[in-house]
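Novice: The following block contains the structure, expressed as structure tokens.
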Amino acid sequence: MRDIDCKQITATVAELFKEACIRLPDDVLEAVRKARESEESPVARDVLDSIIRNSEIAGEENIPLCQDTGTAVVIIELGQEVHITGGDLYSAINEGVQQGYEEGYLRKSMVSKPFSERANTGDNTPAVVHTEIVPGDKLKIAVMPKGGGAENMSRLAMLTPAQGREGIIDFAVKTVDEAGGNPCPPVIVGIGIGGTAEQTLILAKKALLRKTGESSPDAETAGLEKEILQRINKLGIGPMGYGGRTTALAVHIEVFPTHIASLPVAVNLQCHSARHRKAVL
């Protein structure tokens, strides 16, 4: 058994959110630059240039990449041989969110009583935490400040097995088409397939943490990712909705077995400011 103190978790979460909101990951920037090279539309190229320049300014001036610093999504892999000391895990995470958003001057966007008063909680908590128990004595923390414009475009479909592969493609492409410029394209498309309704939604969210453009290790799934990306980039929505061939930077799919009568599919869109950071304690 290995002890990890809550204070270490809090400090780590705070730093991860500050870093994520200010500095775009290298893999995302590389994908944007690659898209800029192949983009044919002059307007689209200008938008992609602005995205690249925005990331440079954010890093130089230590300010957020976007005014929407998002819902604090935290994905945890907790080794079964880890013992959390000095408090409880979720409280430590939320304290880290509070500290990070205060110290980083990040916008607090969470509201309580969502269908009535909608009062701002004032510190961007509570975080949305997904926890998985895994073998080992490590604690892996991934944070994702998830902007509202992209998250609002999430969709779930309970397809019939007969709809199969083509049904998945049609649903994913339709979701991006209907979203238009709302999720601030070029987007990264996270897709979950299988499990149950709630499981496939989590799969779609986790898919966004993969290195941008990295194919699934499963050849069949990788082929599906490639076809959906090609179909999406033929829509003509383009960067920020101004037209062009770069509507999506990547499609990432995660798959889980499902019931014989089911084919759940979820799509979770991430804006071009695909902010995330990871740490291992």
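Chain identifiers are assigned as A, B, and so on, following the order in which chains appear in the structure tokens; residues are numbered from 1 within each chain, and ligands are numbered from 1 in order of appearance.
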How close does each residue of region 234-281 of chain A get to region 175-199 of chain A, giving the shortest atom pair and distance in Å to one decimal for every residue with an atom at most 8 Å away, counting only C-alpha atoms, sorted by chain and residue number, as a Markdown table?
Specialist:
```
| residue | atom | partner | partner_atom | distance |
| --- | --- | --- | --- | --- |
| A:Leu235 | CA | A:Asp177 | CA | 6.9 |
| A:Ile237 | CA | A:Gly180 | CA | 6.3 |
| A:Gly238 | CA | A:Pro186 | CA | 6.6 |
| A:Pro239 | CA | A:Pro185 | CA | 4.9 |
| A:Met240 | CA | A:Pro185 | CA | 4.9 |
| A:Gly241 | CA | A:Gly181 | CA | 4.2 |
| A:Tyr242 | CA | A:Gly181 | CA | 7.9 |
| A:Thr246 | CA | A:Pro186 | CA | 6.0 |
| A:Thr247 | CA | A:Pro186 | CA | 4.6 |
| A:Ala248 | CA | A:Val187 | CA | 4.5 |
| A:Leu249 | CA | A:Ile188 | CA | 5.5 |
| A:Ala250 | CA | A:Ile188 | CA | 5.1 |
| A:Val251 | CA | A:Val189 | CA | 4.7 |
| A:His252 | CA | A:Gly190 | CA | 5.1 |
| A:Ile253 | CA | A:Ile191 | CA | 4.7 |
| A:Glu254 | CA | A:Gly192 | CA | 5.1 |
| A:Val255 | CA | A:Ile193 | CA | 4.8 |
| A:Phe256 | CA | A:Gly194 | CA | 4.8 |
| A:Pro257 | CA | A:Gly194 | CA | 5.4 |
| A:Thr258 | CA | A:Gly195 | CA | 4.5 |
| A:His259 | CA | A:Gly195 | CA | 7.3 |
| A:Ser262 | CA | A:Gly194 | CA | 7.8 |
| A:Leu263 | CA | A:Gly194 | CA | 5.8 |
| A:Pro264 | CA | A:Gly194 | CA | 5.1 |
| A:Val265 | CA | A:Ile193 | CA | 4.7 |
| A:Ala266 | CA | A:Gly192 | CA | 5.0 |
| A:Val267 | CA | A:Ile191 | CA | 4.6 |
| A:Asn268 | CA | A:Gly190 | CA | 5.0 |
| A:Leu269 | CA | A:Val189 | CA | 4.9 |
| A:Gln270 | CA | A:Ile188 | CA | 5.1 |
| A:Cys271 | CA | A:Val187 | CA | 4.7 |
| A:His272 | CA | A:Val187 | CA | 5.2 |
| A:Ala274 | CA | A:Ile188 | CA | 7.6 |
```
Novice: May I have all residues of region 5-245 of chain A that DSSP, computed from the backbone, assigns to alpha helix (DSSP H), given as a PyMOL selection string?
Specialist: chain A and resi 6-22+26-38+42-61+89-103+148-151+164-179+197-207+219-232
Novice: Would you list the contacts of region 135-152 of chain A as a PyMOL selection string, taking every protein, DNA or RNA residue within 8 Å and counting only C-alpha atoms, but skipping same-chain residues closer than 2 positions in sequence?
Specialist: chain A and resi 1-2+13+16-17+20-21+68-82+133+154+182-184+268-271+275-281
Novice: Restricting it to C-alpha atoms, dump the selection as a PDB file, in the first residue's frame.
Specialist:
```pdb
ATOM      1  CA  MET A   1       0.000   0.000   0.000  1.00  0.00           C
ATOM      2  CA  ARG A   2       1.258   3.472  -0.948  1.00  0.00           C
ATOM      3  CA  VAL A  13      -5.070  19.627  -9.623  1.00  0.00           C
ATOM      4  CA  LEU A  16      -2.960  21.227 -13.988  1.00  0.00           C
ATOM      5  CA  PHE A  17      -5.982  23.473 -14.493  1.00  0.00           C
ATOM      6  CA  ALA A  20      -4.389  23.599 -19.234  1.00  0.00           C
ATOM      7  CA  CYS A  21      -6.249  26.891 -19.508  1.00  0.00           C
ATOM      8  CA  ASP A  68     -14.646  30.240 -21.209  1.00  0.00           C
ATOM      9  CA  THR A  69     -12.430  28.265 -18.853  1.00  0.00           C
ATOM     10  CA  GLY A  70     -15.073  25.603 -18.672  1.00  0.00           C
ATOM     11  CA  THR A  71     -16.514  22.975 -16.428  1.00  0.00           C
ATOM     12  CA  ALA A  72     -13.732  21.363 -14.417  1.00  0.00           C
ATOM     13  CA  VAL A  73     -13.764  17.778 -15.665  1.00  0.00           C
ATOM     14  CA  VAL A  74     -11.373  15.448 -13.834  1.00  0.00           C
ATOM     15  CA  ILE A  75     -10.725  11.857 -14.902  1.00  0.00           C
ATOM     16  CA  ILE A  76      -9.025   9.701 -12.282  1.00  0.00           C
ATOM     17  CA  GLU A  77      -7.307   6.328 -12.506  1.00  0.00           C
ATOM     18  CA  LEU A  78      -6.867   5.226  -8.897  1.00  0.00           C
ATOM     19  CA  GLY A  79      -4.492   2.360  -8.259  1.00  0.00           C
ATOM     20  CA  GLN A  80      -6.047  -0.185  -5.915  1.00  0.00           C
ATOM     21  CA  GLU A  81      -2.884  -0.133  -3.800  1.00  0.00           C
ATOM     22  CA  VAL A  82      -3.117   3.616  -3.165  1.00  0.00           C
ATOM     23  CA  ILE A 133     -10.091   1.704 -10.030  1.00  0.00           C
ATOM     24  CA  SER A 154     -22.974  16.604 -27.186  1.00  0.00           C
ATOM     25  CA  ASN A 182     -21.270  26.713 -32.295  1.00  0.00           C
ATOM     26  CA  PRO A 183     -18.492  24.464 -30.881  1.00  0.00           C
ATOM     27  CA  CYS A 184     -15.743  26.722 -32.328  1.00  0.00           C
ATOM     28  CA  ASN A 268     -18.735  14.729 -27.563  1.00  0.00           C
ATOM     29  CA  LEU A 269     -17.246  17.694 -29.395  1.00  0.00           C
ATOM     30  CA  GLN A 270     -14.151  19.555 -28.248  1.00  0.00           C
ATOM     31  CA  CYS A 271     -13.404  23.006 -29.603  1.00  0.00           C
ATOM     32  CA  ARG A 275      -7.282  21.984 -23.267  1.00  0.00           C
ATOM     33  CA  HIS A 276      -6.168  19.085 -21.091  1.00  0.00           C
ATOM     34  CA  ARG A 277      -3.282  18.105 -18.841  1.00  0.00           C
ATOM     35  CA  LYS A 278      -2.235  14.915 -17.053  1.00  0.00           C
ATOM     36  CA  ALA A 279      -0.106  13.990 -14.044  1.00  0.00           C
ATOM     37  CA  VAL A 280       0.848  10.778 -12.271  1.00  0.00           C
ATOM     38  CA  LEU A 281       1.381  10.711  -8.499  1.00  0.00           C
TER      39      LEU A 281
END
```
Novice: As a list in words, please: the residues near region 43-59 of chain A (cut-off 7 Å, only C-alpha atoms, same-chain neighbours under 3 positions excluded).
Specialist: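 After dropping sequence-adjacent residues, the list is Ile22, Arg23, Leu24, Val32, Arg36, Glu39, Asn62, Ile63, Pro64, Leu65, Gly238, Pro239, Tyr242, Gly243 and Gly244 of chain A.
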Novice: Restricting the output to N, CA and C atoms, write the selected residues as a CSV table (one decimal), in the first residue's frame.
Specialist:
```
chain,number,residue,atom,x,y,z
A,22,ILE,N,-4.1,27.8,-20.0
A,22,ILE,CA,-3.2,28.9,-20.6
A,22,ILE,C,-2.4,28.3,-21.8
A,23,ARG,N,-2.0,27.1,-21.8
A,23,ARG,CA,-1.1,26.5,-22.8
A,23,ARG,C,-1.7,25.4,-23.5
A,24,LEU,N,-1.9,25.6,-24.8
A,24,LEU,CA,-2.5,24.5,-25.7
A,24,LEU,C,-1.4,23.4,-25.8
A,32,VAL,N,-3.3,21.8,-35.7
A,32,VAL,CA,-3.7,23.1,-36.3
A,32,VAL,C,-2.8,23.5,-37.4
A,36,ARG,N,-3.5,24.0,-41.3
A,36,ARG,CA,-3.3,25.3,-42.0
A,36,ARG,C,-2.5,25.1,-43.3
A,39,GLU,N,-5.1,23.6,-45.9
A,39,GLU,CA,-6.4,24.3,-46.1
A,39,GLU,C,-6.3,25.2,-47.3
A,62,ASN,N,0.7,34.7,-20.1
A,62,ASN,CA,0.2,33.9,-19.0
A,62,ASN,C,-1.3,34.2,-18.7
A,63,ILE,N,-2.1,34.2,-19.8
A,63,ILE,CA,-3.5,34.5,-19.7
A,63,ILE,C,-4.2,33.3,-20.4
A,64,PRO,N,-5.5,33.1,-20.0
A,64,PRO,CA,-6.3,32.0,-20.6
A,64,PRO,C,-6.4,32.1,-22.1
A,65,LEU,N,-6.4,30.9,-22.7
A,65,LEU,CA,-6.6,30.8,-24.2
A,65,LEU,C,-7.9,31.3,-24.6
A,238,GLY,N,-15.9,24.4,-41.8
A,238,GLY,CA,-14.6,25.1,-41.7
A,238,GLY,C,-14.3,25.8,-40.4
A,239,PRO,N,-13.1,26.3,-40.2
A,239,PRO,CA,-12.7,27.0,-38.9
A,239,PRO,C,-13.7,28.1,-38.5
A,242,TYR,N,-16.5,29.6,-40.9
A,242,TYR,CA,-16.4,30.5,-42.0
A,242,TYR,C,-16.1,29.7,-43.3
A,243,GLY,N,-16.3,28.4,-43.3
A,243,GLY,CA,-16.1,27.7,-44.5
A,243,GLY,C,-14.7,27.1,-44.7
A,244,GLY,N,-14.5,26.1,-45.4
A,244,GLY,CA,-13.2,25.5,-45.6
A,244,GLY,C,-13.2,24.0,-45.4
```
Novice: Looking at only C-alpha atoms, which of A:Gln8, A:Ser215, A:Ser38, A:Thr125 is the one that sits closest to Glu102 (chain A)?
Specialist: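 Counting only C-alpha atoms, the residue closest to Glu102 (chain A) is A:Thr125.
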Novice: Within region 42-145 of chain A, find each residue whose DSSP state, derived from the backbone, is strand (DSSP E), and express the selection as an MDAnalysis selection string.
Specialist: chainID A and resid 71:79 82:85 111:112 119:120 128:134 139:145
Novice: When distances are computed from only C-alpha atoms, which of A:Ile260, A:Ala14, A:Leu208, A:Leu229 shows the smallest separation from Glu103 (chain A)?
Specialist: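 Of A:Ile260, A:Ala14, A:Leu208, A:Leu229, the one nearest Glu103 (chain A) is A:Ala14, counting only C-alpha atoms.
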Novice: Could you state the separation of CA of Ala261 (chain A) and CA of Arg231 (chain A) in Å, given to one decimal place?
Specialist: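 According to the coordinates, CA of Ala261 (chain A) and CA of Arg231 (chain A) are separated by 27.6 Å.
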